[in-house]
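Trainee: Next comes upload-v4.txt, compact mmCIF, C-alpha atoms:
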# COMPACT_ATOMS: atom_id res chain seq x y z
CA MET A 1 73.04 167.41 137.42
CA THR A 2 72.27 170.40 139.61
CA SER A 3 73.62 173.66 138.20
CA ARG A 4 75.85 175.69 140.45
CA VAL A 5 74.37 179.05 141.39
CA GLU A 6 76.59 182.10 140.99
CA PRO A 7 78.30 183.07 144.30
CA GLU A 8 76.57 185.79 146.27
CA ARG A 9 79.25 188.47 145.82
CA PRO A 10 80.86 187.83 142.38
CA ALA A 11 82.53 191.21 142.05
CA ARG A 12 84.38 190.43 138.86
CA HIS A 13 81.90 188.02 137.30
CA ARG A 14 78.92 190.24 136.71
CA HIS A 15 78.62 192.35 133.64
CA ARG A 16 80.66 195.48 134.32
CA ARG A 17 78.78 198.62 135.09
CA ARG A 18 79.50 202.14 134.05
CA ALA A 19 81.07 204.12 136.89
CA GLY A 20 79.16 207.09 138.18
CA ARG A 21 75.48 207.69 138.43
CA ARG A 22 73.36 209.94 136.30
CA ARG A 23 71.59 212.62 138.26
CA ALA A 24 69.14 213.73 135.63
CA VAL A 25 65.71 214.46 137.01
CA VAL A 26 63.00 213.29 134.69
CA GLY A 27 59.87 215.44 134.57
CA GLY A 28 56.53 213.73 134.78
CA LEU A 29 55.53 210.38 136.18
CA SER A 30 54.88 207.09 134.44
CA ALA A 31 51.43 206.37 133.13
CA PHE A 32 51.81 202.87 134.50
CA ALA A 33 51.45 203.75 138.19
CA LEU A 34 48.98 203.34 141.00
CA THR A 35 46.05 205.57 141.76
CA GLY A 36 45.75 206.76 145.34
CA ALA A 37 42.65 204.63 145.82
CA ALA A 38 44.62 201.55 144.80
CA ILE A 39 47.28 201.95 147.46
CA VAL A 40 45.95 199.45 149.94
CA THR A 41 47.26 196.28 151.44
CA SER A 42 45.49 193.18 150.25
CA THR A 43 46.13 189.54 149.61
CA MET A 44 45.97 190.26 145.89
CA MET A 45 47.83 192.79 143.77
CA SER A 46 46.83 196.24 144.90
CA SER A 47 47.35 197.60 141.40
CA SER A 48 48.97 196.90 138.09
CA ALA A 49 51.46 199.18 136.43
CA SER A 50 49.11 199.86 133.53
CA ALA A 51 46.23 201.17 135.58
CA ALA A 52 46.77 204.85 136.24
CA THR A 53 48.92 207.98 136.20
CA THR A 54 50.88 208.43 139.41
CA TRP A 55 53.43 206.44 141.36
CA PRO A 56 52.42 205.21 144.80
CA THR A 57 52.74 207.22 148.00
CA ALA A 58 54.57 205.36 150.73
CA ASN A 59 52.68 204.25 153.82
CA GLY A 60 55.55 205.08 156.16
CA SER A 61 59.30 204.43 155.83
CA GLU A 62 61.80 202.05 157.40
CA ALA A 63 65.59 202.24 157.35
CA VAL A 64 67.27 198.90 156.66
CA SER A 65 70.83 198.40 157.91
CA ALA A 66 71.04 194.63 157.29
CA THR A 67 69.52 192.55 154.49
CA ILE A 68 65.99 191.35 155.26
CA PRO A 69 65.53 187.61 154.53
CA VAL A 70 62.18 186.58 153.05
CA SER A 71 60.72 183.09 152.92
CA GLY A 72 57.10 182.37 152.21
CA THR A 73 55.17 185.62 151.56
CA ARG A 74 55.97 189.09 152.88
CA ASP A 75 53.45 191.91 152.33
CA GLY A 76 55.07 195.30 152.88
CA GLY A 77 51.80 197.22 153.07
CA MET A 78 53.24 199.85 150.69
CA LYS A 79 55.93 200.87 153.18
CA ARG A 80 59.14 202.42 151.85
CA TYR A 81 62.34 200.54 152.72
CA TYR A 82 65.68 202.25 152.20
CA GLY A 83 69.30 201.40 152.96
CA SER A 84 71.26 202.71 155.92
CA GLY A 85 74.62 201.86 157.44
CA ASP A 86 76.22 199.09 155.37
CA LEU A 87 73.29 199.27 152.92
CA ALA A 88 73.55 203.01 152.31
CA GLY A 89 75.14 202.63 148.86
CA ASP A 90 73.25 203.80 145.79
CA GLY A 91 75.95 203.72 143.12
CA GLN A 92 77.34 201.02 140.84
CA GLU A 93 79.96 199.52 143.15
CA GLU A 94 80.12 195.76 142.68
CA GLY A 95 79.14 193.29 145.38
CA GLN A 96 76.64 195.38 147.33
CA ASP A 97 74.17 193.53 149.50
CA PRO A 98 70.42 193.72 148.80
CA ILE A 99 67.65 195.25 150.87
CA PHE A 100 65.69 191.97 150.58
CA ARG A 101 66.98 188.45 149.93
CA LEU A 102 64.27 185.98 148.85
CA ALA A 103 64.57 182.27 149.47
CA ASP A 104 63.51 179.81 146.79
CA GLY A 105 59.75 180.11 146.25
CA ALA A 106 59.33 183.34 148.22
CA THR A 107 56.93 186.19 147.36
CA LEU A 108 57.48 189.88 148.11
CA LYS A 109 54.62 192.27 147.45
CA ASN A 110 53.39 195.81 148.05
CA VAL A 111 56.82 197.27 148.73
CA ILE A 112 58.53 200.54 147.81
CA ILE A 113 62.33 200.57 147.78
CA GLY A 114 63.61 204.09 148.30
CA LYS A 115 66.99 205.79 148.16
CA PRO A 116 69.59 204.53 148.95
CA GLY A 117 68.53 201.32 147.23
CA ALA A 118 71.72 199.24 147.67
CA ASP A 119 71.42 196.15 145.41
CA GLY A 120 67.64 196.04 145.62
CA ILE A 121 66.33 192.47 145.77
CA HIS A 122 68.13 189.15 145.32
CA CYS A 123 66.14 186.04 144.40
CA GLN A 124 68.11 182.94 145.38
CA GLY A 125 65.72 180.64 143.49
CA SER A 126 62.24 180.95 142.02
CA CYS A 127 60.47 184.05 143.33
CA ASN A 128 57.49 186.35 142.84
CA LEU A 129 57.69 190.14 142.99
CA GLN A 130 54.24 191.72 143.06
CA ASN A 131 53.63 195.45 143.07
CA VAL A 132 57.21 196.34 143.97
CA TRP A 133 58.40 199.88 143.17
CA TRP A 134 61.94 201.25 143.06
CA GLU A 135 62.10 205.03 143.44
CA ASP A 136 65.83 205.30 142.70
CA VAL A 137 67.57 202.08 141.63
CA GLY A 138 70.93 201.47 143.29
CA GLU A 139 73.30 198.85 141.82
CA ASP A 140 70.37 196.92 140.32
CA ALA A 141 66.67 196.72 141.14
CA ALA A 142 66.48 192.90 141.26
CA THR A 143 68.98 190.12 140.63
CA PHE A 144 67.86 186.56 139.78
CA ARG A 145 70.24 183.85 140.95
CA GLY A 146 68.43 180.49 140.78
CA GLY A 147 69.33 177.42 138.74
CA ASN A 148 68.10 176.14 135.39
CA SER A 149 64.65 175.21 136.68
CA ALA A 150 63.98 178.55 138.43
CA THR A 151 61.03 180.72 137.41
CA TYR A 152 60.89 184.38 138.40
CA THR A 153 57.80 186.52 137.98
CA VAL A 154 57.49 190.29 138.24
CA TYR A 155 53.91 191.58 138.12
CA GLY A 156 53.11 195.26 138.40
CA GLY A 157 55.35 197.89 139.91
CA GLY A 158 58.02 200.04 138.35
CA ALA A 159 61.54 201.42 138.59
CA LYS A 160 63.11 204.85 138.11
CA LYS A 161 66.63 206.22 137.76
CA ALA A 162 68.55 203.04 136.95
CA ALA A 163 72.01 204.27 135.97
CA ASP A 164 72.75 200.76 134.69
CA LYS A 165 70.33 197.81 134.93
CA VAL A 166 66.87 197.28 136.33
CA PHE A 167 66.82 193.46 136.16
CA GLN A 168 70.05 191.43 136.31
CA HIS A 169 69.81 187.71 135.45
CA ASN A 170 72.87 185.90 136.83
CA GLY A 171 71.40 182.44 137.34
CA GLY A 172 69.42 180.25 134.96
CA GLY A 173 65.73 179.72 134.36
CA LYS A 174 62.95 181.95 133.08
CA LEU A 175 61.92 185.51 133.95
CA VAL A 176 58.41 186.78 133.16
CA VAL A 177 57.75 190.51 133.63
CA SER A 178 54.21 191.86 133.19
CA LYS A 179 52.56 195.28 133.62
CA PHE A 180 55.77 197.00 134.64
CA ALA A 181 56.93 200.60 134.18
CA ALA A 182 60.47 201.96 133.90
CA GLN A 183 61.81 205.43 133.32
CA ASP A 184 65.26 206.99 133.18
CA PHE A 185 67.23 203.76 132.79
CA LYS A 186 70.13 202.31 130.84
CA THR A 187 69.08 198.65 130.48
CA LEU A 188 65.78 197.15 131.55
CA TYR A 189 67.08 193.56 131.54
CA ARG A 190 70.49 191.95 131.11
CA SER A 191 71.34 188.29 130.92
CA CYS A 192 74.75 188.22 132.62
CA GLY A 193 77.41 188.68 129.98
CA ASN A 194 80.41 187.37 131.89
CA CYS A 195 79.39 185.32 134.95
CA SER A 196 81.75 182.45 135.83
CA THR A 197 78.82 180.02 135.48
CA GLN A 198 76.67 180.66 132.42
CA TYR A 199 73.21 179.42 131.45
CA LYS A 200 70.66 179.53 128.72
CA ARG A 201 68.21 182.17 129.97
CA THR A 202 64.63 182.84 128.90
CA SER A 203 62.83 186.16 129.38
CA ILE A 204 59.33 187.36 128.52
CA PHE A 205 58.14 190.98 128.75
CA ASN A 206 54.44 191.64 128.40
CA THR A 207 52.60 194.97 128.74
CA ILE A 208 55.59 197.12 129.59
CA GLU A 209 55.88 200.89 129.52
CA VAL A 210 59.26 202.59 129.38
CA THR A 211 59.94 206.30 129.38
CA ALA A 212 63.12 207.80 127.93
CA PRO A 213 65.93 208.37 128.54
CA GLY A 214 67.02 204.77 128.07
CA SER A 215 69.56 202.75 126.09
CA ARG A 216 68.13 199.25 125.64
CA LEU A 217 65.23 197.11 126.77
CA VAL A 218 66.92 193.72 126.90
CA GLY A 219 70.42 192.38 126.44
CA ILE A 220 70.90 188.64 125.83
CA ASN A 221 73.70 186.21 124.94
CA THR A 222 73.15 184.45 121.64
CA ASN A 223 75.97 181.95 122.13
CA TYR A 224 74.26 180.51 125.22
CA GLY A 225 70.88 180.24 123.51
CA ASP A 226 69.15 183.08 125.37
CA THR A 227 65.71 184.18 124.19
CA ALA A 228 63.69 187.32 124.89
CA ALA A 229 60.06 187.89 123.88
CA LEU A 230 58.61 191.41 123.78
CA ARG A 231 54.83 191.90 123.69
CA GLY A 232 52.79 195.05 124.19
CA ILE A 233 55.73 197.41 124.72
CA THR A 234 55.01 201.15 124.94
CA ILE A 235 57.97 203.51 124.58
CA ILE A 236 57.42 207.15 125.58
CA GLY A 237 59.57 210.13 124.66
CA ASP A 238 61.85 208.36 122.20
CA SER A 239 60.83 209.94 118.90
CA GLY A 240 64.23 209.12 117.41
CA LYS A 241 63.85 205.44 118.36
CA LYS A 242 67.26 205.40 120.03
CA ILE A 243 66.26 202.82 122.65
CA VAL A 244 67.34 199.40 121.34
CA PRO A 245 64.57 196.84 121.93
CA CYS A 246 66.82 193.78 121.92
CA GLN A 247 70.63 193.90 121.99
CA LYS A 248 72.52 190.67 121.33
CA TYR A 249 75.91 189.83 122.84
CA ILE A 250 78.48 187.05 122.79
CA GLY A 251 78.78 186.14 126.44
CA ASN A 252 81.69 184.49 128.24
CA ASN A 253 82.59 182.97 131.60
CA THR A 254 85.97 184.68 131.98
CA GLY A 255 84.87 188.08 133.26
CA ALA A 256 85.78 189.82 129.99
CA GLU A 257 83.56 192.53 128.56
CA PRO A 258 81.21 190.76 126.08
CA PRO A 259 81.09 192.09 122.52
CA THR A 260 77.81 192.90 120.83
CA ASN A 261 76.38 190.56 118.21
CA GLY A 262 73.76 192.61 116.38
CA SER A 263 70.29 193.69 117.42
CA GLY A 264 66.68 193.49 116.32
CA PRO A 265 64.15 190.70 115.81
CA ASP A 266 65.46 187.42 114.41
CA GLY A 267 62.79 184.86 115.32
CA THR A 268 65.30 182.92 117.41
CA HIS A 269 66.81 185.05 120.15
CA CYS A 270 64.95 188.36 119.88
CA ASN A 271 61.29 187.49 119.44
CA TYR A 272 59.08 190.45 118.57
CA THR A 273 57.79 192.39 115.57
CA THR A 274 57.36 196.09 114.96
CA SER A 275 53.69 195.73 115.89
CA ASP A 276 54.75 194.77 119.43
CA LEU A 277 56.25 198.24 119.92
CA THR A 278 54.19 201.41 120.29
CA TYR A 279 55.88 204.82 120.38
CA GLN A 280 54.27 207.81 122.09
Go through the file and emit its structure as structure tokens.

Mentor:
Amino acid sequence: MTSRVEPERPARHRHRRRAGRRRAVVGGLSAFALTGAAIVTSTMMSSSASAATTWPTANGSEAVSATIPVSGTRDGGMKRYYGSGDLAGDGQEEGQDPIFRLADGATLKNVIIGKPGADGIHCQGSCNLQNVWWEDVGEDAATFRGGNSATYTVYGGGAKKAADKVFQHNGGGKLVVSKFAAQDFKTLYRSCGNCSTQYKRTSIFNTIEVTAPGSRLVGINTNYGDTAALRGITIIGDSGKKIVPCQKYIGNNTGAEPPTNGSGPDGTHCNYTTSDLTYQ
């Protein structure tokens, strides 16, 4: 049976977000960014997030007043795209439209999403995000909406200033994130806690660097069988170890706020060991 994909604008079904947006300016840039020499357009990844010390410089800017549909492969050439008109939102209001909407199987690469960021990117099915950078995350950086068989890959890139989530997983399937950087965020990844259609969701994070402030790396629903694997995670500026690597919840399909259900490695839902985390 084909699983029903969550409606495009489920204002009350997605995990509620904290109102208001933090305006803290974080000093310094992530060590997972591009070198100037790497900022080129190519058919391959122009850089990985683990390669250097500065974030990319945009190769021009383009205002986007209506969501850009993507099918096949779109190479942005390191241009900055930012919202205008109906896409000028950068807060946590529910139901915002994205800058890019990817069809099943689409690839988006070498793109910078600036401010306002609206709801970033929506993947309607399986998708590939390569070398995509968010300078100031709006509602979310990317939302994954495919069915149980969908596979989403994020390779390279990074995100800053996410007042709530970087990656929102509303559909089913598996998300694999590699060589990615995040700084000044609340949650790096959340499996939807209260969508009207729920799934078992799988996530894998490999070679990730996060820079405080932050609240949690991943949030998953144990009652739906979610799993999250953390490998090669570097956490910078969190000497008190306040960032929770893996927060467990009891999800629902009623729209209610999901309660927490413990945290930490358990070999079933949260799959990592202390050796997978490096603090700097």

Trainee: Smallest atom-to-atom distance to Gly120 (chain A): which of A:Cys270, A:Ala142, A:Val132, A:Ala163, using all atoms listed in the file?

Mentor: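 Once distances to Gly120 (chain A) are computed over all atoms listed in the file, the minimum belongs to A:Ala142.
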
Trainee: For a test of reading the model, state the distance in Å between CA of Asn128 (chain A) and CA of Gly225 (chain A), rounded to one decimal.

Mentor: 24.3 Å

Trainee: With distances taken over all atoms listed in the file, which of A:Ser215, A:Ser84, A:Gln247, A:Asn253 is nearest to Tyr199 (chain A)?

Mentor: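 With all atoms listed in the file as the atom set, the closest residue is A:Asn253.
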
Trainee: Can you tell me how far CA of Gly83 (chain A) sits from CA of Glu139 (chain A), in Å to one decimal?

Mentor: 12.1 Å

Trainee: Select, from A:Arg231, A:His122, A:Lys79, A:Lys179, the residue with the minimum atom-to-atom distance to Ala58 (chain A), counting only C-alpha atoms.

Mentor: A:Lys79

Trainee: Please provide as a PyMOL selection string all residues within 12 Å of Pro213 (chain A), with the sequence filter that same-chain residues fewer than 3 positions apart are discarded (counting all atoms listed in the file).

Mentor: chain A and resi 22+24-27+160-164+182-188+210+216-217+235-244

Trainee: Please measure the separation of CA of Trp55 (chain A) and CA of Phe167 (chain A), giving the value in Å to one decimal.

Mentor: 19.4 Å

Trainee: Pull the neighbourhood of (77.6, 191.5, 123.1) for me: all residues within 8 Å in file coordinates, counting all atoms listed in the file, as a PyMOL selection string.

Mentor: chain A and resi 193+219-221+247-251+258-262

Trainee: List as a list of chain:residue names: which residues have an atom within 9 Å of (67.5, 181.8, 130.4), counting all atoms listed in the file?

Mentor: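 I get A:Asn148, A:His169, A:Gly171, A:Gly172, A:Gly173, A:Lys174, A:Leu175, A:Ser191, A:Tyr199, A:Lys200, A:Arg201, A:Thr202, A:Ser203, A:Ile220, A:Tyr224, A:Gly225, A:Asp226, A:Thr227, A:Ala228 for the residues within 9 Å of that point.
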
Trainee: Residues of the last selection are to be written out with C-alpha atoms, as a CSV table (one decimal), keeping the file's coordinate frame.

Mentor:
chain,number,residue,atom,x,y,z
A,148,ASN,CA,68.1,176.1,135.4
A,169,HIS,CA,69.8,187.7,135.4
A,171,GLY,CA,71.4,182.4,137.3
A,172,GLY,CA,69.4,180.2,135.0
A,173,GLY,CA,65.7,179.7,134.4
A,174,LYS,CA,63.0,182.0,133.1
A,175,LEU,CA,61.9,185.5,134.0
A,191,SER,CA,71.3,188.3,130.9
A,199,TYR,CA,73.2,179.4,131.4
A,200,LYS,CA,70.7,179.5,128.7
A,201,ARG,CA,68.2,182.2,130.0
A,202,THR,CA,64.6,182.8,128.9
A,203,SER,CA,62.8,186.2,129.4
A,220,ILE,CA,70.9,188.6,125.8
A,224,TYR,CA,74.3,180.5,125.2
A,225,GLY,CA,70.9,180.2,123.5
A,226,ASP,CA,69.2,183.1,125.4
A,227,THR,CA,65.7,184.2,124.2
A,228,ALA,CA,63.7,187.3,124.9

Trainee: Under the rule that only C-alpha atoms are counted, which of A:Val137, A:Ala256, A:Ala181, A:Cys192 is the nearest residue to Tyr155 (chain A)?

Mentor: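 Of A:Val137, A:Ala256, A:Ala181, A:Cys192, the one nearest Tyr155 (chain A), counting only C-alpha atoms, is A:Ala181.
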
Trainee: Taking 6 positions as the minimum chain separation for residues in the same chain, which residues sit within 10 Å of region 272-275 of chain A when counting all atoms listed in the file? Answer as a tab-separated table (two decimals) with C-alpha atoms, in the frame of the given file.

Mentor:
chain	number	residue	atom	x	y	z
A	228	ALA	CA	63.69	187.32	124.89
A	229	ALA	CA	60.06	187.89	123.88
A	230	LEU	CA	58.61	191.41	123.78
A	231	ARG	CA	54.83	191.90	123.69
A	232	GLY	CA	52.79	195.05	124.19
A	233	ILE	CA	55.73	197.41	124.72
A	245	PRO	CA	64.57	196.84	121.93
A	246	CYS	CA	66.82	193.78	121.92
A	264	GLY	CA	66.68	193.49	116.32
A	265	PRO	CA	64.15	190.70	115.81
A	266	ASP	CA	65.46	187.42	114.41

Trainee: Within 8 Å of Cys123 (chain A), counting all atoms listed in the file, which residues qualify if same-chain residues fewer than 2 places away don't, as a list in words?

Mentor: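 Counting all atoms listed in the file, the residues come to Arg101, Leu102, Ala103, Asp104, Ile121, Gly125, Ser126, Cys127, Ala142, Thr143, Phe144, Arg145 and Gly146 of chain A.
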
Trainee: Can you pull out every residue within 6 Å of Leu129 (chain A), counting all atoms listed in the file, but drop anything in the same chain fewer than 5 positions away, and send it as a list in words?

Mentor: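 Here the qualifying residues turn out to be Thr107, Leu108, Lys109 and Val154 of chain A.
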
Trainee: Select, from A:Asp97, A:Glu209, A:Glu257, A:Glu62, the residue with the minimum atom-to-atom distance to Cys195 (chain A), counting only C-alpha atoms.

Mentor: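 Distance minimum relative to Cys195 (chain A) lands on A:Glu257.
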